[in-house]
>>> print(open('input-v2.cif').read())   # mmCIF, C-alpha atoms and all ligand atoms
data_work
loop_
_atom_site.label_atom_id
_atom_site.label_comp_id
_atom_site.auth_asym_id
_atom_site.auth_seq_id
_atom_site.Cartn_x
_atom_site.Cartn_y
_atom_site.Cartn_z
CA MET A 1 19.68 17.81 -8.21
CA ARG A 2 16.98 17.63 -10.84
CA ARG A 3 14.33 15.22 -9.56
CA ILE A 4 12.86 12.94 -12.19
CA LEU A 5 9.20 11.97 -12.29
CA ASN A 6 9.42 8.62 -10.54
CA PHE A 7 6.43 6.41 -11.40
CA SER A 8 7.93 3.42 -9.59
CA SER A 9 5.50 1.10 -7.84
CA GLY A 10 7.62 0.83 -4.71
CA PRO A 11 9.87 1.89 -3.17
CA ALA A 12 8.32 5.02 -4.55
CA THR A 13 8.65 8.75 -4.60
CA LEU A 14 8.62 10.57 -1.23
CA PRO A 15 7.82 14.23 -0.49
CA PRO A 16 10.96 16.36 -1.08
CA SER A 17 10.39 18.14 2.25
CA VAL A 18 10.51 14.75 4.01
CA LEU A 19 13.74 13.83 2.23
CA GLU A 20 15.32 17.13 3.28
CA GLU A 21 14.30 16.70 6.90
CA ALA A 22 15.41 13.05 6.91
CA SER A 23 18.79 14.03 5.49
CA ARG A 24 19.23 16.49 8.36
CA GLY A 25 18.25 13.73 10.77
CA VAL A 26 20.94 11.50 9.30
CA LEU A 27 23.50 14.11 10.35
CA GLU A 28 21.97 14.96 13.70
CA ILE A 29 18.63 14.06 15.25
CA ALA A 30 16.81 16.33 17.71
CA GLY A 31 19.94 18.13 18.95
CA SER A 32 21.26 14.85 20.37
CA GLY A 33 24.76 15.06 18.88
CA MET A 34 23.98 11.78 17.11
CA SER A 35 22.62 10.65 13.77
CA ILE A 36 19.22 8.96 13.66
CA LEU A 37 21.27 6.01 12.40
CA GLU A 38 23.21 5.93 15.65
CA VAL A 39 20.65 6.36 18.41
CA SER A 40 19.55 3.53 20.66
CA HIS A 41 16.03 2.27 20.13
CA ARG A 42 15.70 2.30 23.94
CA GLY A 43 16.57 5.99 24.27
CA GLY A 44 14.34 9.04 24.56
CA VAL A 45 15.01 10.36 21.06
CA TYR A 46 13.73 7.23 19.37
CA GLU A 47 10.96 6.71 21.90
CA ASP A 48 9.53 10.09 20.95
CA ILE A 49 9.69 9.27 17.22
CA HIS A 50 8.07 5.87 17.82
CA ARG A 51 5.27 7.42 19.84
CA ARG A 52 4.63 10.14 17.28
CA ALA A 53 4.57 7.66 14.40
CA ARG A 54 2.09 5.47 16.28
CA ALA A 55 -0.18 8.39 17.14
CA GLY A 56 0.13 9.78 13.61
CA CYS A 57 -1.02 6.49 12.07
CA LEU A 58 -4.11 6.29 14.26
CA LYS A 59 -4.96 9.95 13.72
CA ALA A 60 -4.64 9.68 9.94
CA MET A 61 -6.83 6.56 9.99
CA GLY A 62 -9.42 8.08 12.31
CA LEU A 63 -8.94 5.36 14.94
CA SER A 64 -8.77 5.65 18.71
CA PRO A 65 -5.72 4.52 20.70
CA GLU A 66 -8.09 2.93 23.20
CA ALA A 67 -9.43 0.48 20.62
CA TYR A 68 -6.47 0.02 18.26
CA THR A 69 -2.76 -0.82 18.54
CA VAL A 70 -0.06 0.07 16.03
CA LEU A 71 2.91 -2.23 15.46
CA PHE A 72 6.02 -1.51 13.42
CA LEU A 73 7.38 -4.80 12.11
CA GLY A 74 9.95 -6.07 9.66
CA GLY A 75 9.57 -8.64 6.90
CA GLY A 76 7.43 -6.58 4.55
CA ALA A 77 3.76 -7.03 3.82
CA SER A 78 4.70 -10.47 2.53
CA GLN A 79 5.52 -11.58 6.06
CA GLN A 80 2.03 -10.55 7.12
CA PHE A 81 0.68 -13.02 4.56
CA ALA A 82 2.06 -15.74 6.87
CA MET A 83 1.72 -14.01 10.25
CA VAL A 84 -2.02 -13.46 9.91
CA PRO A 85 -2.95 -17.14 9.43
CA MET A 86 -0.20 -18.33 11.78
CA ASN A 87 -1.74 -16.25 14.56
CA PHE A 88 -5.44 -16.45 13.77
CA LEU A 89 -6.09 -19.66 11.83
CA ARG A 90 -6.30 -22.80 13.88
CA PRO A 91 -6.12 -26.32 12.40
CA GLY A 92 -9.55 -27.40 11.24
CA ALA A 93 -10.70 -23.81 10.85
CA SER A 94 -10.81 -21.81 7.67
CA ALA A 95 -10.49 -18.20 6.57
CA ASP A 96 -12.13 -16.27 3.75
CA TYR A 97 -9.89 -14.67 1.14
CA VAL A 98 -10.85 -12.28 -1.63
CA ASP A 99 -8.93 -12.99 -4.81
CA GLY A 100 -8.58 -9.66 -6.59
CA GLY A 101 -5.10 -10.13 -7.95
CA GLU A 102 -1.61 -11.43 -7.44
CA TRP A 103 -1.01 -10.09 -3.92
CA GLY A 104 -4.27 -11.50 -2.58
CA ALA A 105 -3.43 -14.84 -4.19
CA ARG A 106 -0.05 -14.82 -2.47
CA ALA A 107 -1.71 -14.11 0.86
CA ALA A 108 -4.10 -17.03 0.35
CA LYS A 109 -1.21 -19.31 -0.58
CA GLU A 110 0.47 -18.67 2.77
CA ALA A 111 -2.78 -19.21 4.68
CA ARG A 112 -3.14 -22.69 3.16
CA LEU A 113 -0.06 -23.68 5.14
CA PHE A 114 -2.01 -23.17 8.37
CA GLY A 115 -5.63 -24.09 7.70
CA GLY A 116 -8.47 -23.97 5.22
CA VAL A 117 -8.89 -21.16 2.72
CA ARG A 118 -12.21 -20.30 1.09
CA ILE A 119 -12.23 -17.85 -1.79
CA ALA A 120 -15.13 -15.57 -0.87
CA ALA A 121 -15.00 -13.63 -4.12
CA SER A 122 -12.74 -13.70 -7.15
CA SER A 123 -12.17 -11.67 -10.28
CA GLU A 124 -10.07 -14.36 -11.88
CA ALA A 125 -12.66 -14.95 -14.62
CA ALA A 126 -12.15 -11.32 -15.64
CA ARG A 127 -8.37 -11.80 -15.41
CA HIS A 128 -8.43 -9.40 -12.45
CA ALA A 129 -9.26 -6.46 -14.72
CA GLU A 130 -12.16 -5.63 -12.41
CA LEU A 131 -12.87 -5.83 -8.69
CA PRO A 132 -14.31 -9.03 -7.29
CA ARG A 133 -18.06 -8.77 -6.72
CA ASP A 134 -20.60 -11.02 -4.99
CA PHE A 135 -18.85 -11.65 -1.72
CA ARG A 136 -19.92 -15.02 -0.36
CA TRP A 137 -18.70 -14.94 3.19
CA ASP A 138 -18.55 -17.89 5.52
CA PRO A 139 -20.00 -16.75 8.86
CA GLY A 140 -17.85 -19.39 10.55
CA ALA A 141 -14.55 -18.17 9.07
CA ALA A 142 -11.72 -17.16 11.41
CA TYR A 143 -11.42 -13.90 9.49
CA ALA A 144 -11.93 -12.39 6.04
CA HIS A 145 -8.93 -11.07 4.11
CA VAL A 146 -9.11 -8.40 1.42
CA THR A 147 -6.55 -6.41 -0.59
CA THR A 148 -7.81 -2.87 -1.10
CA ASN A 149 -5.55 -1.85 -3.97
CA ASN A 150 -4.33 -4.34 -6.52
CA THR A 151 -0.96 -2.79 -7.24
CA ILE A 152 -0.14 -4.98 -10.21
CA GLU A 153 -3.52 -5.13 -11.95
CA GLY A 154 -4.62 -1.54 -11.25
CA THR A 155 -7.96 -2.05 -9.49
CA GLN A 156 -8.89 -0.47 -6.16
CA MET A 157 -11.62 -1.08 -3.62
CA ARG A 158 -12.16 2.33 -2.04
CA PHE A 159 -14.48 0.86 0.56
CA LEU A 160 -14.34 -1.98 3.01
CA PRO A 161 -16.79 -4.79 2.36
CA GLU A 162 -19.08 -5.81 5.16
CA ALA A 163 -18.05 -9.26 6.31
CA PRO A 164 -19.61 -11.23 9.17
CA THR A 165 -16.15 -12.11 10.50
CA PRO A 166 -13.13 -9.96 11.50
CA LEU A 167 -11.86 -8.10 8.47
CA VAL A 168 -8.11 -8.27 7.74
CA VAL A 169 -6.91 -5.79 5.14
CA ASP A 170 -3.76 -5.59 3.06
CA ALA A 171 -3.61 -1.85 2.37
CA SER A 172 0.04 -1.80 1.29
CA SER A 173 -0.40 0.23 -1.85
CA ASP A 174 -3.16 2.66 -0.89
CA PHE A 175 -2.56 3.23 2.81
CA LEU A 176 -3.67 6.81 3.61
CA GLY A 177 -4.44 7.47 -0.06
CA HIS A 178 -8.01 8.49 0.76
CA THR A 179 -10.39 8.34 3.72
CA MET A 180 -11.56 4.87 4.66
CA ASP A 181 -13.85 3.61 7.39
CA TRP A 182 -11.06 1.75 9.17
CA GLY A 183 -13.25 1.19 12.20
CA ARG A 184 -14.68 -1.76 10.29
CA ALA A 185 -11.32 -3.51 10.11
CA SER A 186 -9.86 -5.78 12.76
CA LEU A 187 -6.32 -5.75 11.37
CA VAL A 188 -4.77 -3.59 8.65
CA TYR A 189 -1.24 -4.02 7.35
CA ALA A 190 0.83 -2.05 4.89
CA GLY A 191 4.43 -2.20 3.76
CA ALA A 192 5.54 1.43 4.07
CA GLN A 193 7.42 1.67 0.80
CA LYS A 194 4.44 2.35 -1.47
CA ASN A 195 2.60 5.20 0.16
CA ALA A 196 4.03 5.87 3.60
CA GLY A 197 7.81 5.79 3.75
CA PRO A 198 10.90 3.82 2.84
CA ALA A 199 11.24 0.04 2.66
CA GLY A 200 11.97 -1.72 5.93
CA VAL A 201 8.92 -1.18 8.09
CA THR A 202 5.48 -2.73 7.87
CA ILE A 203 2.69 -0.92 9.64
CA VAL A 204 0.19 -3.17 11.39
CA VAL A 205 -2.86 -1.56 12.96
CA ALA A 206 -5.06 -3.94 14.89
CA ARG A 207 -8.09 -3.84 17.10
CA LYS A 208 -6.95 -4.74 20.59
CA SER A 209 -9.83 -7.14 21.17
CA PHE A 210 -8.88 -9.01 17.98
CA LEU A 211 -5.22 -9.25 18.95
CA GLU A 212 -6.26 -10.87 22.21
CA ARG A 213 -7.42 -13.85 20.18
CA ALA A 214 -4.00 -14.40 18.60
CA ARG A 215 -2.34 -17.73 19.23
CA THR A 216 0.66 -17.62 21.51
CA ASP A 217 2.17 -20.95 20.42
CA VAL A 218 3.95 -19.39 17.46
CA PRO A 219 7.60 -18.34 17.00
CA THR A 220 8.41 -15.27 19.07
CA MET A 221 9.23 -12.95 16.21
CA LEU A 222 6.05 -13.93 14.37
CA SER A 223 3.78 -13.44 17.35
CA TYR A 224 1.48 -10.41 17.37
CA ALA A 225 1.04 -10.89 21.11
CA VAL A 226 4.78 -10.55 21.70
CA HIS A 227 5.12 -7.44 19.56
CA ALA A 228 1.99 -5.85 21.01
CA GLN A 229 3.08 -6.49 24.56
CA ALA A 230 6.54 -5.01 23.86
CA ASP A 231 5.11 -2.07 21.90
CA SER A 232 7.13 -3.24 18.85
CA LEU A 233 10.33 -3.03 20.91
CA TYR A 234 10.80 -6.72 21.61
CA ASN A 235 13.92 -6.50 19.49
CA THR A 236 15.49 -3.67 17.50
CA PRO A 237 12.79 -2.04 15.38
CA PRO A 238 13.53 -0.54 11.95
CA VAL A 239 14.56 2.79 13.50
CA PHE A 240 15.29 4.79 10.37
CA PRO A 241 12.20 3.67 8.38
CA VAL A 242 9.98 4.47 11.39
CA TYR A 243 11.62 7.90 11.61
CA VAL A 244 10.89 8.64 7.95
CA LEU A 245 7.37 7.26 8.40
CA SER A 246 6.88 9.75 11.26
CA LEU A 247 7.92 12.57 8.91
CA VAL A 248 5.57 11.33 6.19
CA LEU A 249 2.71 11.25 8.70
CA GLU A 250 3.42 14.88 9.63
CA TRP A 251 3.41 15.69 5.93
CA VAL A 252 0.05 13.87 5.51
CA GLU A 253 -1.43 16.02 8.25
CA ALA A 254 0.01 19.22 6.76
CA GLN A 255 -1.60 18.31 3.41
CA GLY A 256 -5.00 18.23 5.09
CA GLY A 257 -5.11 14.54 5.97
CA THR A 258 -6.54 11.69 3.94
CA ALA A 259 -9.58 13.70 2.81
CA ALA A 260 -7.40 16.24 1.01
CA LEU A 261 -5.04 13.56 -0.29
CA GLY A 262 -7.95 11.49 -1.58
CA ALA A 263 -9.36 14.47 -3.50
CA ARG A 264 -5.94 15.19 -4.98
CA ASN A 265 -5.30 11.54 -5.85
CA GLU A 266 -8.66 11.31 -7.62
CA ARG A 267 -7.81 14.42 -9.64
CA LYS A 268 -4.33 13.15 -10.46
CA ALA A 269 -5.56 9.77 -11.67
CA ALA A 270 -8.37 11.39 -13.67
CA LEU A 271 -5.82 13.37 -15.70
CA VAL A 272 -4.07 10.18 -16.78
CA TYR A 273 -7.20 8.07 -17.37
CA ALA A 274 -8.70 10.87 -19.48
CA ALA A 275 -5.60 10.97 -21.65
CA LEU A 276 -5.75 7.17 -22.10
CA ASP A 277 -9.47 7.18 -22.86
CA ALA A 278 -9.07 10.00 -25.38
CA HIS A 279 -7.03 7.72 -27.64
CA PRO A 280 -8.65 4.29 -27.66
CA ASP A 281 -6.95 3.55 -30.98
CA VAL A 282 -3.53 3.79 -29.29
CA TYR A 283 -4.13 2.88 -25.64
CA GLU A 284 -6.04 0.11 -23.94
CA PRO A 285 -6.57 0.82 -20.24
CA ALA A 286 -6.37 -2.45 -18.31
CA VAL A 287 -9.37 -1.58 -16.16
CA ALA A 288 -12.48 -0.36 -17.98
CA ARG A 289 -14.93 0.39 -15.16
CA PRO A 290 -14.21 3.84 -13.64
CA ALA A 291 -15.32 2.78 -10.14
CA ASP A 292 -12.81 -0.07 -10.20
CA ARG A 293 -9.88 1.96 -11.48
CA SER A 294 -7.07 2.53 -9.03
CA TRP A 295 -6.05 6.06 -8.12
CA MET A 296 -2.64 4.71 -7.15
CA ASN A 297 -1.55 2.39 -9.97
CA ILE A 298 -2.79 3.15 -13.47
CA THR A 299 -2.29 0.24 -15.86
CA TRP A 300 -2.62 0.11 -19.63
CA ARG A 301 -1.27 -1.42 -22.81
CA LEU A 302 -0.41 -0.04 -26.19
CA ARG A 303 -2.63 -1.45 -28.93
CA ASP A 304 0.62 -1.99 -30.77
CA PRO A 305 2.93 -3.54 -28.16
CA ARG A 306 5.89 -3.13 -30.52
CA ARG A 307 5.80 0.59 -29.76
CA GLU A 308 6.27 0.04 -26.02
CA GLU A 309 10.00 0.54 -26.15
CA ALA A 310 9.61 3.80 -28.07
CA PHE A 311 7.01 4.91 -25.53
CA LEU A 312 9.35 4.26 -22.61
CA LYS A 313 12.25 5.92 -24.40
CA GLY A 314 10.21 9.03 -25.08
CA ALA A 315 9.10 9.05 -21.45
CA ALA A 316 12.70 8.80 -20.22
CA ALA A 317 13.65 11.72 -22.45
CA ARG A 318 10.99 13.73 -20.61
CA GLY A 319 12.37 12.71 -17.22
CA MET A 320 9.73 10.05 -16.55
CA GLN A 321 10.83 6.71 -15.21
CA GLY A 322 9.35 3.53 -13.77
CA LEU A 323 6.49 3.21 -16.27
CA LYS A 324 7.05 -0.43 -17.18
CA GLY A 325 4.26 -2.75 -16.02
CA HIS A 326 4.85 -5.50 -13.46
CA ARG A 327 6.82 -8.39 -14.98
CA SER A 328 3.90 -10.79 -14.42
CA VAL A 329 1.43 -8.81 -16.57
CA GLY A 330 3.58 -6.62 -18.83
CA GLY A 331 2.21 -3.46 -20.38
CA LEU A 332 2.62 -0.10 -18.72
CA ARG A 333 1.90 1.23 -15.26
CA ALA A 334 2.04 4.65 -13.68
CA SER A 335 2.21 4.52 -9.89
CA VAL A 336 1.10 7.88 -8.57
CA TYR A 337 0.96 7.52 -4.79
CA ASN A 338 0.34 10.34 -2.30
CA ALA A 339 3.74 11.96 -2.76
CA PHE A 340 3.65 11.87 -6.54
CA PRO A 341 3.09 15.47 -7.72
CA GLU A 342 -0.02 16.56 -9.59
CA GLU A 343 2.20 18.28 -12.20
CA GLY A 344 3.74 14.88 -12.88
CA CYS A 345 0.33 13.45 -13.78
CA ALA A 346 -0.32 16.45 -16.02
CA ALA A 347 3.06 15.90 -17.69
CA LEU A 348 2.26 12.22 -18.29
CA ALA A 349 -1.17 13.13 -19.69
CA GLN A 350 0.46 15.55 -22.08
CA TYR A 351 3.02 12.96 -23.16
CA LEU A 352 0.26 10.38 -23.70
CA ALA A 353 -1.55 12.83 -25.99
CA GLU A 354 1.63 13.71 -27.90
CA PHE A 355 2.67 10.08 -28.32
CA ALA A 356 -0.80 9.19 -29.59
CA ARG A 357 -0.62 11.96 -32.17
CA GLY A 358 2.83 10.76 -33.18
CA VAL A 359 4.49 14.00 -32.13
C1 LIG B 1 3.95 -4.48 -2.58
C2 LIG B 1 2.81 -5.20 -2.02
C3 LIG B 1 2.97 -6.29 -1.15
C4 LIG B 1 4.34 -6.85 -0.80
O1 LIG B 1 5.04 -5.97 -0.03
P1 LIG B 1 6.48 -6.33 0.56
O2 LIG B 1 6.64 -5.29 1.60
O3 LIG B 1 7.44 -6.20 -0.59
O4 LIG B 1 6.45 -7.70 1.09
C5 LIG B 1 1.86 -6.87 -0.62
N1 LIG B 1 0.63 -6.44 -0.92
C6 LIG B 1 0.42 -5.40 -1.76
C7 LIG B 1 -0.96 -4.95 -2.04
C8 LIG B 1 1.51 -4.74 -2.32
O5 LIG B 1 1.31 -3.72 -3.16
#
>>> encode(input="input-v2.cif", output="structure tokens", more="lines below")
Ligand SMILES: *Cc1c(COP(=O)(O)O)cnc(C)c1O
Amino acid sequence: MRRILNFSSGPATLPPSVLEEASRGVLEIAGSGMSILEVSHRGGVYEDIHRRARAGCLKAMGLSPEAYTVLFLGGGASQQFAMVPMNFLRPGASADYVDGGEWGARAAKEARLFGGVRIAASSEAARHAELPRDFRWDPGAAYAHVTTNNTIEGTQMRFLPEAPTPLVVDASSDFLGHTMDWGRASLVYAGAQKNAGPAGVTIVVARKSFLERARTDVPTMLSYAVHAQADSLYNTPPVFPVYVLSLVLEWVEAQGGTAALGARNERKAALVYAALDAHPDVYEPAVARPADRSWMNITWRLRDPRREEAFLKGAAARGMQGLKGHRSVGGLRASVYNAFPEEGCAALAQYLAEFARGV
């Protein structure tokens, strides 16, 4: 099989070595005489995978198992938009939300179903083409919610802001993309399918003392307390996605962890941004400020939008796919998560230069 350069924003490209190992696991897992698709989630084979995935998450994030719990849940990151306020926002209380783009706005929308929402910072005036600045936190808020990487708009906060209340982070599209000070967060969630595995599992990493504050008068399947108490085995967990996640976490460690991945991701993104910036007559990067530019999702437009189709056609002819921007903003987007190869970024940079010169 000739692998294409898959710039898709998610589900996204995975390391070939992980795909090979996972395909072996589909035939037989751990000498059990069964496929990973066939094993019980209550048996030893899966238990071992579950435990390794949990430990691998904490290790990659630099967190201690004494202070933090890892949950593997269904429903995508979008379900966390509702679970967070359902569990932590009580009537009459309010939570702070940072509005850096569409995903953060969706999270805030769900929270309004359960209590008050204050926008602590917004980049709406800049049409989300930069990161929100001037955080105005409410010290009485139940929690403060931020989205680290704005997948659609192409901005990325590579730090965690200091909030006076428990910090809740949607890290779906840059989870383990570089080293972060996760010890400042009370709850982090990420749909696996951008940077950590296949669709079907959402990773939730939470400080135990924060989880203790969760409401218990919520539906069972939407209760953090229930899932934490059952170690994510209250019901059948997404066995196969957790298995692939465990393989990705081993791959992350073999790459040198998030420090090495962060350095590589910065280099990869720089290749593409440099090619865009070299031809301002042809390309308009969506995000101007280098510090705000995402290393995961690079967004731009053609000065002449009529040439977009020709651009995508030329890309496809070079084996590059998934470069169309999100339907809500249009334009072009290259998603270059952890597993996206550096050579792929170099190939895109070369194509950008050739297209600009009309080659
Ligand atoms: C993709 C994405 C989501 C939604 O994820 P689902 O798993 O599809 O629900 C939420 N937040 C961010 C930042 C994302 O990139």
>>> residues_around(input="input-v2.cif", residues="Asn149 in chain A", least_positions_apart="5", cutoff="8 Å", atoms="all atoms listed in the file", output="VMD selection string")
chain A and resid 154 to 157 171 to 174 294 296
>>> closest_atom_pairs(input="input-v2.cif", of="range 235-350 of chain A", to="range 2-11 of chain A", cutoff="8 Å", atoms="only C-alpha atoms", output="tab-separated table")
residue	atom	partner	partner_atom	distance
A:Asn297	CA	A:Ser9	CA	7.5
A:Gly319	CA	A:Ile4	CA	5.1
A:Met320	CA	A:Leu5	CA	4.7
A:Gln321	CA	A:Asn6	CA	5.2
A:Gly322	CA	A:Ser8	CA	4.4
A:Leu323	CA	A:Phe7	CA	5.8
A:Arg333	CA	A:Phe7	CA	7.9
A:Ala334	CA	A:Phe7	CA	5.3
A:Ser335	CA	A:Phe7	CA	4.9
A:Val336	CA	A:Phe7	CA	6.2
A:Phe340	CA	A:Asn6	CA	7.7
A:Gly344	CA	A:Leu5	CA	6.2
>>> closest_residue(input="input-v2.cif", among="A:Val169, A:Leu211, A:Val359, A:Leu247", to="ligand LIG 1 (chain B)", atoms="all atoms listed in the file")
A:Val169
>>> residues_around(input="input-v2.cif", residues="Ser64 in chain A", least_positions_apart="6", cutoff="12 Å", atoms="only C-alpha atoms", output="number ranges by chain")
A: 54-58, 70, 182-183, 205-208
>>> atom_distance(input="input-v2.cif", atom1="CA of Ala259 in chain A", atom2="CA of Phe175 in chain A")
12.6 Å
>>> residues_around(input="input-v2.cif", residues="Phe210 in chain A", least_positions_apart="5", cutoff="8 Å", atoms="all atoms listed in the file", output="list in words")
Pro166, Ser186 and Leu187 of chain A
>>> closest_residue(input="input-v2.cif", among="A:Val39, A:Ala142, A:Val201, A:Met61", to="ligand LIG 1 (chain B)", atoms="all atoms listed in the file")
A:Val201
>>> residues_near_ligand(input="input-v2.cif", ligand="ligand LIG 1 (chain B)", cutoff="9 Å", atoms="all atoms listed in the file", output="number ranges by chain")
A: 9-11, 74-81, 101-104, 106-107, 147-152, 170-174, 189-194, 199-202
>>> atom_distance(input="input-v2.cif", atom1="CA of Phe240 in chain A", atom2="CA of Arg52 in chain A")
13.8 Å
